[in-house]
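J.: Quick one, upload_10.txt (compact mmCIF, C-alpha atoms):
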# COMPACT_ATOMS: atom_id res chain seq x y z
CA MET A 1 112.13 39.45 103.01
CA GLY A 2 110.97 39.75 99.50
CA TYR A 3 107.41 39.64 100.75
CA PHE A 4 105.33 42.02 102.80
CA ILE A 5 101.77 42.34 104.05
CA ASN A 6 99.91 45.12 102.31
CA LYS A 7 97.20 47.35 103.76
CA ASP A 8 94.52 44.85 102.81
CA GLY A 9 96.31 42.18 104.85
CA ASP A 10 97.37 40.27 101.78
CA LEU A 11 100.80 38.87 101.12
CA GLU A 12 102.55 40.70 98.30
CA LYS A 13 105.92 40.23 96.63
CA ALA A 14 108.15 43.29 96.51
CA LYS A 15 108.89 44.39 92.99
CA PRO A 16 112.23 45.30 91.42
CA VAL A 17 113.10 48.93 91.91
CA LYS A 18 115.03 51.53 89.91
CA LEU A 19 116.57 54.23 92.04
CA THR A 20 116.68 57.87 91.08
CA PRO A 21 120.10 59.55 90.98
CA GLU A 22 119.13 61.31 94.21
CA GLN A 23 118.26 58.02 95.91
CA ARG A 24 121.51 56.46 94.77
CA LYS A 25 123.49 59.35 96.12
CA LYS A 26 121.60 59.40 99.41
CA TYR A 27 121.33 55.70 100.21
CA LEU A 28 124.08 53.71 98.48
CA ARG A 29 126.75 54.19 101.09
CA GLN A 30 127.68 52.92 104.49
CA THR A 31 126.48 55.03 107.39
CA PRO A 32 128.69 55.73 110.42
CA GLU A 33 126.22 53.75 112.54
CA GLN A 34 126.52 50.72 110.27
CA LYS A 35 130.29 50.93 110.37
CA GLU A 36 130.34 51.10 114.16
CA MET A 37 127.88 48.21 114.48
CA LEU A 38 129.96 46.00 112.19
CA GLU A 39 133.11 46.81 114.14
CA GLU A 40 131.31 45.65 117.30
CA ALA A 41 130.11 42.53 115.50
CA LYS A 42 133.65 41.61 114.50
CA LYS A 43 134.50 41.34 118.18
CA ARG A 44 131.73 38.75 118.65
CA GLN A 45 132.83 36.38 115.92
CA HIS A 46 134.17 33.91 118.49
CA LEU A 47 130.56 33.29 119.55
CA LEU A 48 129.97 31.50 116.26
CA PHE A 49 132.62 28.87 116.72
CA ALA A 50 133.62 26.20 119.17
CA SER A 51 136.73 27.01 121.17
CA MET B 1 133.59 25.11 124.44
CA ILE B 2 130.50 24.64 122.29
CA PRO B 3 128.66 27.87 121.38
CA ARG B 4 125.07 28.22 122.58
CA PHE B 5 123.88 28.75 119.00
CA VAL B 6 125.29 26.92 116.02
CA ILE B 7 124.30 27.83 112.47
CA LYS B 8 124.14 25.10 109.87
CA THR B 9 123.58 25.42 106.15
CA ILE B 10 121.05 22.96 104.77
CA SER B 11 121.80 21.76 101.28
CA ALA B 12 119.02 21.45 98.70
CA ASN B 13 119.38 17.66 98.80
CA ASN B 14 118.61 17.60 102.51
CA LEU B 15 115.91 20.26 102.68
CA THR B 16 112.89 18.00 102.45
CA ASP B 17 114.24 15.66 105.10
CA PHE B 18 115.28 18.58 107.29
CA PHE B 19 111.90 20.28 107.37
CA SER B 20 110.02 16.97 107.55
CA ASN B 21 112.00 15.13 110.19
CA LYS B 22 114.45 17.43 111.96
CA TYR B 23 112.78 20.79 112.31
CA LYS B 24 109.14 21.73 111.96
CA PRO B 25 108.89 25.50 112.44
CA ASN B 26 105.97 26.70 114.52
CA PHE B 27 104.58 29.47 112.34
CA ASP B 28 102.50 31.33 114.89
CA LEU B 29 101.72 34.51 112.93
CA PRO B 30 99.44 35.00 109.92
CA LYS B 31 101.04 34.55 106.50
CA LEU B 32 104.33 33.13 107.79
CA LYS B 33 103.58 29.66 106.49
CA ASP B 34 102.65 31.15 103.10
CA ILE B 35 105.93 33.04 102.94
CA PHE B 36 107.87 29.98 103.99
CA ASP B 37 106.25 27.79 101.35
CA THR B 38 106.97 30.35 98.65
CA THR B 39 110.51 31.22 99.61
CA VAL B 40 111.78 27.75 100.44
CA GLU B 41 111.16 26.83 96.82
CA LEU B 42 114.03 29.15 95.94
CA CYS B 43 116.39 26.83 97.81
CA TYR B 44 115.76 23.76 95.71
CA ASP B 45 117.58 22.99 92.51
CA ASN B 46 114.56 23.78 90.41
CA GLU B 47 113.79 25.38 87.10
CA ASP B 48 114.56 28.88 88.34
CA GLU B 49 118.19 29.28 87.45
CA LEU B 50 118.25 32.67 89.15
CA ALA B 51 117.66 31.16 92.57
CA THR B 52 120.75 31.22 94.78
CA ASN B 53 119.07 30.76 98.11
CA VAL B 54 120.21 28.58 100.97
CA ILE B 55 118.64 27.88 104.36
CA HIS B 56 120.88 28.68 107.31
CA ALA B 57 119.33 27.00 110.33
CA CYS B 58 120.07 27.99 113.92
CA PHE B 59 120.48 25.20 116.48
CA ASP B 60 120.29 25.83 120.21
CA THR B 61 122.89 23.53 121.73
CA GLU B 62 121.54 24.05 125.25
CA GLN B 63 117.94 23.15 124.43
CA GLN B 64 119.00 20.68 121.70
CA ARG B 65 116.50 22.08 119.22
CA TYR B 66 116.39 24.26 116.15
CA CYS B 67 115.10 27.71 116.97
CA GLY B 68 114.93 29.49 113.63
CA PHE B 69 116.50 30.00 110.26
CA ILE B 70 117.39 32.53 107.58
CA ASN B 71 116.77 32.02 103.90
CA ILE B 72 119.60 33.94 102.21
CA GLY B 73 120.33 34.45 98.55
CA THR B 74 121.64 37.04 96.16
CA SER B 75 119.44 39.51 94.36
CA THR B 76 119.61 42.32 91.83
CA ILE B 77 116.16 43.60 92.69
CA ILE B 78 117.42 46.98 93.85
CA ASP B 79 118.52 48.93 90.80
CA ASP B 80 120.25 45.87 89.29
CA LEU B 81 122.85 46.03 92.06
CA VAL B 82 123.90 42.70 93.52
CA SER B 83 123.05 42.32 97.19
CA LEU B 84 122.83 39.59 99.77
CA ASN B 85 119.09 39.29 100.17
CA VAL B 86 117.28 38.08 103.25
CA GLU B 87 114.33 36.28 101.73
CA PHE B 88 112.93 35.07 105.02
CA LEU B 89 114.02 35.26 108.65
CA PHE B 90 112.13 33.22 111.20
CA LEU B 91 112.65 32.73 114.92
CA GLU B 92 110.55 30.57 117.19
CA LYS B 93 108.34 32.66 119.44
CA ASP B 94 110.24 31.95 122.66
CA TYR B 95 113.48 33.25 121.12
CA ARG B 96 112.13 36.60 119.92
CA GLY B 97 113.04 39.80 121.75
CA LYS B 98 115.09 37.90 124.31
CA ILE B 99 118.63 38.92 125.23
CA PHE B 100 121.09 36.05 125.59
CA LYS B 101 124.10 36.31 127.85
CA GLU B 102 125.78 33.65 125.72
CA LEU B 103 125.56 36.11 122.82
CA ASP B 104 127.27 38.88 124.74
CA ASN B 105 123.87 40.28 125.72
CA ILE B 106 122.32 40.78 122.33
CA LYS B 107 119.17 39.35 120.73
CA LEU B 108 119.26 36.29 118.54
CA SER B 109 117.77 38.23 115.63
CA ARG B 110 120.67 40.67 115.75
CA PHE B 111 123.14 37.83 116.08
CA LEU B 112 121.82 36.16 112.95
CA LEU B 113 121.54 39.29 110.84
CA ILE B 114 124.58 41.26 111.94
CA GLU B 115 127.11 38.98 113.61
CA TYR B 116 126.46 36.04 111.29
CA LEU B 117 125.15 37.38 107.97
CA ALA B 118 126.58 40.89 107.73
CA THR B 119 129.89 40.17 109.41
CA ASN B 120 130.79 36.50 109.21
CA LEU B 121 129.36 35.83 105.76
CA GLY B 122 129.15 39.37 104.51
CA ILE B 123 132.76 40.41 104.97
CA SER B 124 133.96 37.28 103.22
CA VAL B 125 131.60 37.89 100.31
CA LYS B 126 132.56 41.54 100.17
CA ASP B 127 136.27 40.73 100.15
CA ASN B 128 135.93 38.06 97.47
CA PHE B 129 133.11 39.32 95.25
CA ALA B 130 132.73 43.01 96.06
CA ILE B 131 129.10 42.56 97.08
CA ASN B 132 128.67 45.05 99.86
CA MET B 133 124.96 45.43 100.50
CA ILE B 134 122.35 43.43 102.39
CA SER B 135 118.77 43.95 101.27
CA ILE B 136 115.51 43.12 102.96
CA THR B 137 111.83 43.96 102.77
CA PRO B 138 110.23 43.86 106.22
CA ILE B 139 107.00 41.94 106.43
CA ASN B 140 105.31 44.83 108.25
CA GLU B 141 106.05 48.20 109.82
CA LYS B 142 106.73 46.72 113.27
CA VAL B 143 109.45 44.56 111.81
CA ARG B 144 110.75 47.57 109.87
CA LYS B 145 111.32 49.32 113.21
CA SER B 146 113.30 46.38 114.53
CA TYR B 147 115.51 46.41 111.42
CA GLU B 148 116.01 50.16 111.82
CA ASN B 149 117.36 49.40 115.27
CA LEU B 150 119.95 47.23 113.51
CA ASN B 151 120.89 50.21 111.33
CA PHE B 152 119.14 49.00 108.20
CA VAL B 153 118.10 52.09 106.25
CA THR B 154 114.77 52.42 104.45
CA ILE B 155 115.09 53.65 100.88
CA ASP B 156 112.17 56.04 100.94
CA GLY B 157 110.07 55.82 97.83
CA SER B 158 111.66 52.60 96.58
CA GLY B 159 108.37 50.70 96.73
CA SER B 160 105.15 51.39 94.92
CA LYS B 161 103.68 51.84 98.41
CA LYS B 162 105.30 52.69 101.72
CA GLU B 163 105.14 49.19 103.16
CA GLU B 164 107.00 47.91 100.09
CA ASP B 165 110.02 50.17 100.60
CA TRP B 166 113.30 48.24 100.61
CA MET B 167 115.82 48.39 103.43
CA ILE B 168 119.57 48.04 103.07
CA CYS B 169 122.65 47.73 105.22
CA TYR B 170 126.11 48.38 103.81
CA ILE B 171 128.86 46.06 104.98
For the structure just supplied, provide its representation as C-alpha cells.

T.:
Amino acid sequence: MGYFINKDGDLEKAKPVKLTPEQRKKYLRQTPEQKEMLEEAKKRQHLLFAS
Amino acid sequence: MIPRFVIKTISANNLTDFFSNKYKPNFDLPKLKDIFDTTVELCYDNEDELATNVIHACFDTEQQRYCGFINIGTSTIIDDLVSLNVEFLFLEKDYRGKIFKELDNIKLSRFLLIEYLATNLGISVKDNFAINMISITPINEKVRKSYENLNFVTIDGSGSKKEEDWMICYI
C-alpha cells in the first residue's frame, strides 16, 4: 500500500524514493526465491478460470 | 467447473454502485476505512491524470459473497521506475490466514498477490510493457512479515523511517 501507520499511530503516505547506486545494485533484481515462487504460481493458473 | 474464487475488475463507472449496493467491506481494523476512502479515489476518472488504479474484487462462489479486493495501479514512486503498485489489499476477517484446499492449499492473500497479480496479470504486463516489478508499502510491521513470506524484499533505507521502507517483488 502507499500508506502506512507511523509510530504515533497516524496514517501516513509513503513518499517517492531515490535509490542509491548500492541499493539499485542490491535490490533491483529477481531473487531465486521469487523465481521459484512464480514458477509454482504458474502451475496454479487453472484455479483462476472455469474449466 | 466454477473456481471457488473469481476475480472481477470493477470499472470506474460502476464503482459507486459496487461499493454501495454489491459489496460493503467490513473494515475491522483501525485506519482501514481511511485508507480505503483515500485510495479508492484513485480509481475514479478524476482530475488526477496520473491515477491508473483499478479495483479487482474477489468473489467467493461457494459463499456467494465478495470477500476482499485489491486496488492496483502503476507507479513510478520508487526511483522513477515503473512498477505495478498495490495501493490497498483488503480481505474480510474470516478469510485471513486461512488455507483453502480449493486454492491448492495456499492462503487467499497469496493467491491474490502472487497467483493473480504477479503471475496472471504480471507476466502479461511484463511481456507486453517490460514492467517487471511489483511495489508495496506494508501498513505495519506485522503485514511486512507476511509479505516477506511471499518473497517481497524490503529495500532497507528507502523510507524516511523504517516503517516507510518499500517492498518489491520482481516478476

J.: As a CSV table (one decimal) with C-alpha atoms, in the frame of the given file, could you give me every residue of chain A near chain B (at most 8 Å apart, counting all atoms listed in the file)?

T.:
chain,number,residue,atom,x,y,z
A,1,MET,CA,112.1,39.4,103.0
A,2,GLY,CA,111.0,39.8,99.5
A,3,TYR,CA,107.4,39.6,100.8
A,4,PHE,CA,105.3,42.0,102.8
A,5,ILE,CA,101.8,42.3,104.0
A,6,ASN,CA,99.9,45.1,102.3
A,11,LEU,CA,100.8,38.9,101.1
A,14,ALA,CA,108.2,43.3,96.5
A,15,LYS,CA,108.9,44.4,93.0
A,16,PRO,CA,112.2,45.3,91.4
A,17,VAL,CA,113.1,48.9,91.9
A,18,LYS,CA,115.0,51.5,89.9
A,19,LEU,CA,116.6,54.2,92.0
A,23,GLN,CA,118.3,58.0,95.9
A,27,TYR,CA,121.3,55.7,100.2
A,28,LEU,CA,124.1,53.7,98.5
A,29,ARG,CA,126.8,54.2,101.1
A,30,GLN,CA,127.7,52.9,104.5
A,31,THR,CA,126.5,55.0,107.4
A,33,GLU,CA,126.2,53.8,112.5
A,34,GLN,CA,126.5,50.7,110.3
A,35,LYS,CA,130.3,50.9,110.4
A,37,MET,CA,127.9,48.2,114.5
A,38,LEU,CA,130.0,46.0,112.2
A,41,ALA,CA,130.1,42.5,115.5
A,42,LYS,CA,133.6,41.6,114.5
A,44,ARG,CA,131.7,38.8,118.6
A,45,GLN,CA,132.8,36.4,115.9
A,47,LEU,CA,130.6,33.3,119.6
A,48,LEU,CA,130.0,31.5,116.3
A,49,PHE,CA,132.6,28.9,116.7
A,50,ALA,CA,133.6,26.2,119.2
A,51,SER,CA,136.7,27.0,121.2

J.: Dig up all the protein and nucleic acid residues within 7 Å of (117.8, 27.0, 114.1) in the file frame, using only C-alpha atoms, and format them as a list in words.

T.: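 Every residue inside that radius is included here: Ile7, Ala57, Cys58, Phe59, Asp60, Tyr66, Cys67, Gly68 and Phe69 of chain B.
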
J.: For CA of Phe27 (chain B) and CA of Ala51 (chain B), determine how far apart the two atoms are, in Å to one decimal place.

T.: 23.8 Å

J.: Enclose the full set of atoms of region 130-136 of chain B listed in the file within a box whose edges lie along x, y and z, apply 8 Å of padding to each of the six sides, and report centre and edge lengths in Å to one decimal as AutoDock Vina command-line options.

T.:
--center_x 124.1 --center_y 44.0 --center_z 99.5 --size_x 33.2 --size_y 18.9 --size_z 22.9

J.: Hey, can you check how far CA of Lys107 (chain B) sits from CA of Lys43 (chain A)?

T.: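 These two atoms are separated by 15.7 Å.
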
J.: Given only C-alpha atoms as the basis, pick out the residue of B:Ser83, B:Ser20, B:Asn149, B:Ser109 nearest to Gly122 (chain B).

T.: B:Ser83

J.: CA of Lys22 (chain B) and CA of Glu12 (chain A) are how many Å apart?

T.: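 One can read the CA of Lys22 (chain B) to CA of Glu12 (chain A) distance as 29.5 Å.
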